[in-house]
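Trainee: Structure below; questions to follow.
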Amino acid sequence: MAWTETLSVHSPTLDFHHQILLGCLNRMMDLGEDWRGCLPAVRRELAVLARYAQIHFFVEERVLARANAPATILQAHHDSHQRLLAWLMETDRAFKADPSTVPFPSMVQALTQWLTRHIGKEDRAHVGAVMRRHPEIEAEIRRCRYAPITHRLNLGRPDAPPDPADRRPLLGRHAAIAEGDVGRAYFLSRALRDQGMSVSQARDLATASALIETETPDLLFLDWTLPGATPLARRVYRTTETAVVACHFGNPLDILDACEGAGVANILGYPCRVADIATAAQTTLDAAVPLRALVLERAP
């Protein structure tokens, strides 16, 4: 399903949100008849879709409230959002319990139809009208950042280790590193260990593949210049619960399309700081924002 100008709500920010949501559905469609052999990918896409939808709905309802939209419209929009979220979460639970009970192709089709109908009718009629009358709101929502909204809506992964002080949210997590440069591998390892993560290292993809099979790490920091990085990332995405962070020396936009096609969850651009590594690990584990949205938010 392609986004077109006929779905525009006269807000570049909200239009972008809608494009990201459609992208999540398109990635599930791309799994096609092979979806039964790609259950980890389906689970991740469903989780990310549900969490990103909550972020988007939060911003969209904020727009209506900011413009003093009639209470009936605001409530109707909120109720429509909540119905979809409830259905998404129930589908996610059912899929985790027993994938055979979920008719995957028809589920994706129904989601796509709901989203395009909601955007094309309700959003264009209400949000689009508001944005035409109040274009100044665009500057406000453009400044919205995913991390604070994720925290406010408590969208972090429910399986995160308990940490009452919330000072070391990565404590107890496990990362694998496949990095061809010794210096960068050491820097990554040290930064992650300082955050309380356990770390395994591999100098080549064969070793990395074996590590993933035997240790099932939460994250794989993958040197995108290593020969075979793309097919490995795609296989990890489709068949394991490990999320891939592509490591790239340069502009992340240069590899965004390839990474998105391979199911990469995040991109860490070199050179980077320790704080950038910790942020990349945490946002990847939160699984609340799809790759393209993460990368473009950071773009200058």
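Ordered as shown in the structure tokens, chains take letters A, B, and onward, while each chain numbers its residues from 1 and ligands are numbered from 1 in the order shown.
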If you count only C-alpha atoms, which residues fall within 7 Å of Ala175 of chain A, apart from same-chain ones fewer than 6 positions away, as a ChimeraX atom specification?

Mentor: /A:197-200,217-220

Trainee: Give me every strand (DSSP E) residue in segment 48-267 of chain A, going by DSSP on the backbone, as a VMD selection string.

Mentor: chain A and resid 174 to 178 198 to 202 219 to 223 243 to 249 266 to 267

Trainee: Apply DSSP to the structure's backbone, then extract all residues of segment 139-294 of chain A labelled helix (DSSP H, G or I) and return them as JSON, numbers by chain.

Mentor: {"A": [139, 140, 141, 142, 146, 147, 148, 149, 150, 151, 152, 182, 183, 184, 185, 186, 187, 188, 189, 190, 191, 192, 193, 194, 205, 206, 207, 208, 209, 210, 211, 212, 213, 214, 215, 229, 230, 231, 232, 233, 234, 235, 236, 237, 238, 239, 252, 253, 254, 255, 256, 257, 258, 259, 260, 261, 274, 275, 276, 277, 278, 279, 280, 281, 282, 283, 284, 285, 286, 291, 292, 293, 294]}

Trainee: If we count only C-alpha atoms, what is near Trp87 of chain A at a cut-off of 10 Å, once residues fewer than 5 positions away on the same chain are taken out, given as a list in words?

Mentor: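 Here the qualifying residues turn out to be Ala50, Gln82, Asp92, Arg93 and Leu111 of chain A.
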
Trainee: Sorted by chain and rising residue number, which residues of segment 143-215 of chain A lie within 9 Å of segment 235-250 of chain A, and what are their closest atom pairs and distances in Å to one decimal, counting only C-alpha atoms, as JSON lines?

Mentor:
{"residue": "A:Ala175", "atom": "CA", "partner": "A:Thr242", "partner_atom": "CA", "distance": 9.0}
{"residue": "A:Glu179", "atom": "CA", "partner": "A:Cys247", "partner_atom": "CA", "distance": 8.2}
{"residue": "A:Ser209", "atom": "CA", "partner": "A:Val236", "partner_atom": "CA", "distance": 8.5}
{"residue": "A:Ile212", "atom": "CA", "partner": "A:Thr242", "partner_atom": "CA", "distance": 7.6}
{"residue": "A:Glu213", "atom": "CA", "partner": "A:Thr240", "partner_atom": "CA", "distance": 8.4}

Trainee: Please dump the current selection as a PDB file, in the first residue's frame; keep N, CA and C atoms.

Mentor:
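And here is the file that came out, part03.pdb:
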ATOM      1  N   ALA A 175      24.313  -8.274  24.512  1.00  0.00           N
ATOM      2  CA  ALA A 175      24.574  -7.821  23.149  1.00  0.00           C
ATOM      3  C   ALA A 175      25.692  -8.636  22.528  1.00  0.00           C
ATOM      4  N   GLU A 179      32.099  -6.739  14.557  1.00  0.00           N
ATOM      5  CA  GLU A 179      32.756  -5.516  14.105  1.00  0.00           C
ATOM      6  C   GLU A 179      34.166  -5.860  13.615  1.00  0.00           C
ATOM      7  N   SER A 209      27.031 -15.457  13.568  1.00  0.00           N
ATOM      8  CA  SER A 209      25.861 -16.310  13.355  1.00  0.00           C
ATOM      9  C   SER A 209      25.788 -17.414  14.407  1.00  0.00           C
ATOM     10  N   ILE A 212      24.646 -15.992  17.768  1.00  0.00           N
ATOM     11  CA  ILE A 212      23.209 -15.723  17.826  1.00  0.00           C
ATOM     12  C   ILE A 212      22.438 -17.017  18.065  1.00  0.00           C
ATOM     13  N   GLU A 213      22.879 -18.088  17.441  1.00  0.00           N
ATOM     14  CA  GLU A 213      22.206 -19.377  17.606  1.00  0.00           C
ATOM     15  C   GLU A 213      22.343 -19.901  19.033  1.00  0.00           C
TER      16      GLU A 213
END

Trainee: Which of these residues is nearest to Thr6 of chain A, using only C-alpha atoms: A:Ala47, A:Leu291, A:Ile119, A:Ala69?

Mentor: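 Of the candidates, the smallest distance to Thr6 of chain A is held by A:Ile119.
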
Trainee: Which one of A:His81, A:Ala281, A:Met29, A:Pro135 sits closest to Ala41 of chain A if you count only C-alpha atoms?

Mentor: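 Using only C-alpha atoms, Ala41 of chain A sits closest to A:Met29.
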
Trainee: Might you pull out every residue within 9 Å of His18 of chain A, with only C-alpha atoms counted and same-chain residues fewer than 6 positions away left off, and present them as a PyMOL selection string?

Mentor: chain A and resi 3+7-8+56+115+119

Trainee: Need to verify the contact set: Asp204 of chain A, 10 Å, only C-alpha atoms, exclusion of same-chain residues closer than 3 positions in sequence. Can you return it as a short mmCIF file (atom, residue, chain, number, x, y, z; two decimals) with C-alpha atoms, in the first residue's frame?

Mentor:
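Output saved as selection17.cif:
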data_model
loop_
_atom_site.label_atom_id
_atom_site.label_comp_id
_atom_site.auth_asym_id
_atom_site.auth_seq_id
_atom_site.Cartn_x
_atom_site.Cartn_y
_atom_site.Cartn_z
CA ILE A 177 29.12 -7.37 18.44
CA ALA A 178 30.27 -8.26 14.92
CA GLU A 179 32.76 -5.52 14.11
CA GLY A 180 35.75 -5.83 11.78
CA GLN A 201 32.25 -10.40 20.30
CA THR A 207 31.18 -16.49 14.38
CA ALA A 208 28.43 -13.90 14.83
CA SER A 209 25.86 -16.31 13.35
CA LEU A 222 26.64 -5.40 13.08
CA ASP A 223 29.44 -3.77 11.07
CA LEU A 226 31.40 -6.76 6.51
CA PRO A 227 30.73 -8.92 3.42
CA GLY A 228 27.41 -10.67 3.88
CA ALA A 229 26.07 -8.23 6.49
#

Trainee: For the contact check between segment 43-131 of chain A and segment 149-156 of chain A, emit one row per residue of segment 43-131 of chain A within 10 Å, containing the shortest atom pair and the distance in Å rounded to one decimal, counting only C-alpha atoms, chain then rising number order, as a tab-separated table.

Mentor:
residue	atom	partner	partner_atom	distance
A:Val48	CA	A:Leu155	CA	10.0
A:Ala50	CA	A:Leu155	CA	9.7
A:Arg51	CA	A:Leu155	CA	6.5
A:Tyr52	CA	A:Thr150	CA	8.8
A:Gln54	CA	A:Leu153	CA	8.0
A:Ile55	CA	A:Ile149	CA	6.5
A:His56	CA	A:Ile149	CA	9.6
A:Phe58	CA	A:Ile149	CA	8.2
A:Val59	CA	A:Ile149	CA	8.9

Trainee: Could the residues in this selection be saved with all heavy atoms as a PDB file, in the first residue's frame?

Mentor:
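Writing the result to result33.pdb gives the following:
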ATOM      1  N   VAL A  48       5.974  -3.119  17.159  1.00  0.00           N
ATOM      2  CA  VAL A  48       6.371  -1.770  16.770  1.00  0.00           C
ATOM      3  C   VAL A  48       5.173  -0.989  16.242  1.00  0.00           C
ATOM      4  O   VAL A  48       4.987   0.197  16.565  1.00  0.00           O
ATOM      5  CB  VAL A  48       7.496  -1.820  15.715  1.00  0.00           C
ATOM      6  CG1 VAL A  48       7.782  -0.428  15.163  1.00  0.00           C
ATOM      7  CG2 VAL A  48       8.769  -2.400  16.319  1.00  0.00           C
ATOM      8  N   ALA A  50       2.000  -1.359  17.039  1.00  0.00           N
ATOM      9  CA  ALA A  50       1.117  -0.976  18.148  1.00  0.00           C
ATOM     10  C   ALA A  50       1.707   0.186  18.941  1.00  0.00           C
ATOM     11  O   ALA A  50       0.988   1.119  19.319  1.00  0.00           O
ATOM     12  CB  ALA A  50       0.881  -2.172  19.060  1.00  0.00           C
ATOM     13  N   ARG A  51       3.003   0.157  19.188  1.00  0.00           N
ATOM     14  CA  ARG A  51       3.624   1.219  19.989  1.00  0.00           C
ATOM     15  C   ARG A  51       3.729   2.523  19.209  1.00  0.00           C
ATOM     16  O   ARG A  51       3.471   3.606  19.749  1.00  0.00           O
ATOM     17  CB  ARG A  51       5.000   0.755  20.476  1.00  0.00           C
ATOM     18  CG  ARG A  51       4.895  -0.364  21.506  1.00  0.00           C
ATOM     19  CD  ARG A  51       6.236  -0.988  21.806  1.00  0.00           C
ATOM     20  NE  ARG A  51       6.075  -2.126  22.715  1.00  0.00           N
ATOM     21  CZ  ARG A  51       6.852  -3.181  22.745  1.00  0.00           C
ATOM     22  NH1 ARG A  51       7.885  -3.261  21.932  1.00  0.00           N
ATOM     23  NH2 ARG A  51       6.632  -4.157  23.586  1.00  0.00           N
ATOM     24  N   TYR A  52       4.097   2.425  17.933  1.00  0.00           N
ATOM     25  CA  TYR A  52       4.208   3.663  17.151  1.00  0.00           C
ATOM     26  C   TYR A  52       2.825   4.273  16.917  1.00  0.00           C
ATOM     27  O   TYR A  52       2.680   5.504  16.880  1.00  0.00           O
ATOM     28  CB  TYR A  52       4.908   3.401  15.818  1.00  0.00           C
ATOM     29  CG  TYR A  52       5.281   4.678  15.099  1.00  0.00           C
ATOM     30  CD1 TYR A  52       6.367   5.441  15.529  1.00  0.00           C
ATOM     31  CD2 TYR A  52       4.549   5.138  14.014  1.00  0.00           C
ATOM     32  CE1 TYR A  52       6.704   6.621  14.890  1.00  0.00           C
ATOM     33  CE2 TYR A  52       4.882   6.317  13.360  1.00  0.00           C
ATOM     34  CZ  TYR A  52       5.964   7.056  13.809  1.00  0.00           C
ATOM     35  OH  TYR A  52       6.291   8.235  13.176  1.00  0.00           O
ATOM     36  N   GLN A  54       0.447   4.269  19.050  1.00  0.00           N
ATOM     37  CA  GLN A  54       0.142   5.026  20.271  1.00  0.00           C
ATOM     38  C   GLN A  54       0.835   6.385  20.271  1.00  0.00           C
ATOM     39  O   GLN A  54       0.241   7.385  20.689  1.00  0.00           O
ATOM     40  CB  GLN A  54       0.560   4.221  21.496  1.00  0.00           C
ATOM     41  CG  GLN A  54      -0.302   2.998  21.747  1.00  0.00           C
ATOM     42  CD  GLN A  54       0.133   2.236  22.973  1.00  0.00           C
ATOM     43  OE1 GLN A  54      -0.036   2.701  24.109  1.00  0.00           O
ATOM     44  NE2 GLN A  54       0.699   1.056  22.790  1.00  0.00           N
ATOM     45  N   ILE A  55       2.082   6.418  19.824  1.00  0.00           N
ATOM     46  CA  ILE A  55       2.801   7.696  19.734  1.00  0.00           C
ATOM     47  C   ILE A  55       2.077   8.631  18.763  1.00  0.00           C
ATOM     48  O   ILE A  55       1.836   9.810  19.066  1.00  0.00           O
ATOM     49  CB  ILE A  55       4.252   7.463  19.277  1.00  0.00           C
ATOM     50  CG1 ILE A  55       5.043   6.737  20.364  1.00  0.00           C
ATOM     51  CG2 ILE A  55       4.934   8.786  18.910  1.00  0.00           C
ATOM     52  CD1 ILE A  55       6.429   6.294  19.932  1.00  0.00           C
ATOM     53  N   HIS A  56       1.740   8.098  17.603  1.00  0.00           N
ATOM     54  CA  HIS A  56       1.062   8.921  16.596  1.00  0.00           C
ATOM     55  C   HIS A  56      -0.287   9.428  17.094  1.00  0.00           C
ATOM     56  O   HIS A  56      -0.615  10.603  16.937  1.00  0.00           O
ATOM     57  CB  HIS A  56       0.872   8.119  15.311  1.00  0.00           C
ATOM     58  CG  HIS A  56      -0.070   8.767  14.352  1.00  0.00           C
ATOM     59  ND1 HIS A  56       0.197   9.988  13.748  1.00  0.00           N
ATOM     60  CD2 HIS A  56      -1.307   8.389  13.913  1.00  0.00           C
ATOM     61  CE1 HIS A  56      -0.814  10.320  12.968  1.00  0.00           C
ATOM     62  NE2 HIS A  56      -1.742   9.376  13.057  1.00  0.00           N
ATOM     63  N   PHE A  58      -1.253   9.896  20.116  1.00  0.00           N
ATOM     64  CA  PHE A  58      -1.013  10.903  21.156  1.00  0.00           C
ATOM     65  C   PHE A  58      -0.790  12.276  20.518  1.00  0.00           C
ATOM     66  O   PHE A  58      -1.382  13.277  20.943  1.00  0.00           O
ATOM     67  CB  PHE A  58       0.204  10.497  21.993  1.00  0.00           C
ATOM     68  CG  PHE A  58       0.658  11.532  22.981  1.00  0.00           C
ATOM     69  CD1 PHE A  58       0.060  11.643  24.225  1.00  0.00           C
ATOM     70  CD2 PHE A  58       1.692  12.407  22.667  1.00  0.00           C
ATOM     71  CE1 PHE A  58       0.476  12.608  25.134  1.00  0.00           C
ATOM     72  CE2 PHE A  58       2.120  13.375  23.563  1.00  0.00           C
ATOM     73  CZ  PHE A  58       1.512  13.472  24.797  1.00  0.00           C
ATOM     74  N   VAL A  59       0.040  12.324  19.491  1.00  0.00           N
ATOM     75  CA  VAL A  59       0.334  13.608  18.831  1.00  0.00           C
ATOM     76  C   VAL A  59      -0.900  14.121  18.101  1.00  0.00           C
ATOM     77  O   VAL A  59      -1.233  15.309  18.162  1.00  0.00           O
ATOM     78  CB  VAL A  59       1.525  13.450  17.860  1.00  0.00           C
ATOM     79  CG1 VAL A  59       1.759  14.757  17.081  1.00  0.00           C
ATOM     80  CG2 VAL A  59       2.787  13.061  18.611  1.00  0.00           C
TER      81      VAL A  59
END

Trainee: Out of A:Thr230, A:Asn68, A:Ser189, A:Thr214, which residue has the shortest atom-to-atom distance to Ala278 of chain A when counting only C-alpha atoms?

Mentor: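 That would be A:Ser189, the residue with the smallest distance to Ala278 of chain A.
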
Trainee: Which neighbours of Ala293 of chain A fall inside 12 Å, counting only C-alpha atoms, when residues of the same chain fewer than 5 positions from it are skipped, and could you give them as a list in words?

Mentor: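 Counting only the stated atoms, we get Thr13, Leu14, Phe16, His17, His18, Gln19, Ile20, Leu21, Gly23, Cys24, Val48, Tyr52, Ile55, His56, Arg145, Tyr146, Ala147, Leu253, Leu256, Glu260, Ala265, Asn266, Ile267, Thr283, Ala287, Ala288, Arg298 and Ala299 of chain A.
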
Trainee: Using Å and a single decimal, report how far atom CA of Gly32 of chain A sits from atom CA of Pro105 of chain A.

Mentor: 7.8 Å

Trainee: Could you tell me which of A:Arg66, A:Arg27, A:His10, A:Arg43 comes closest to Thr91 of chain A if we count only C-alpha atoms?

Mentor: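 The shortest atom-to-atom distance to Thr91 of chain A comes from A:Arg43.
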
Trainee: I'd like the neighbourhood of Met107 of chain A as a PyMOL selection string, where a residue qualifies if any of its atoms comes within 12 Å (using only C-alpha atoms), though same-chain residues fewer than 6 positions away should be ignored.

Mentor: chain A and resi 25+28-29+42+46+87-88+91-92+95+99+101+113-114
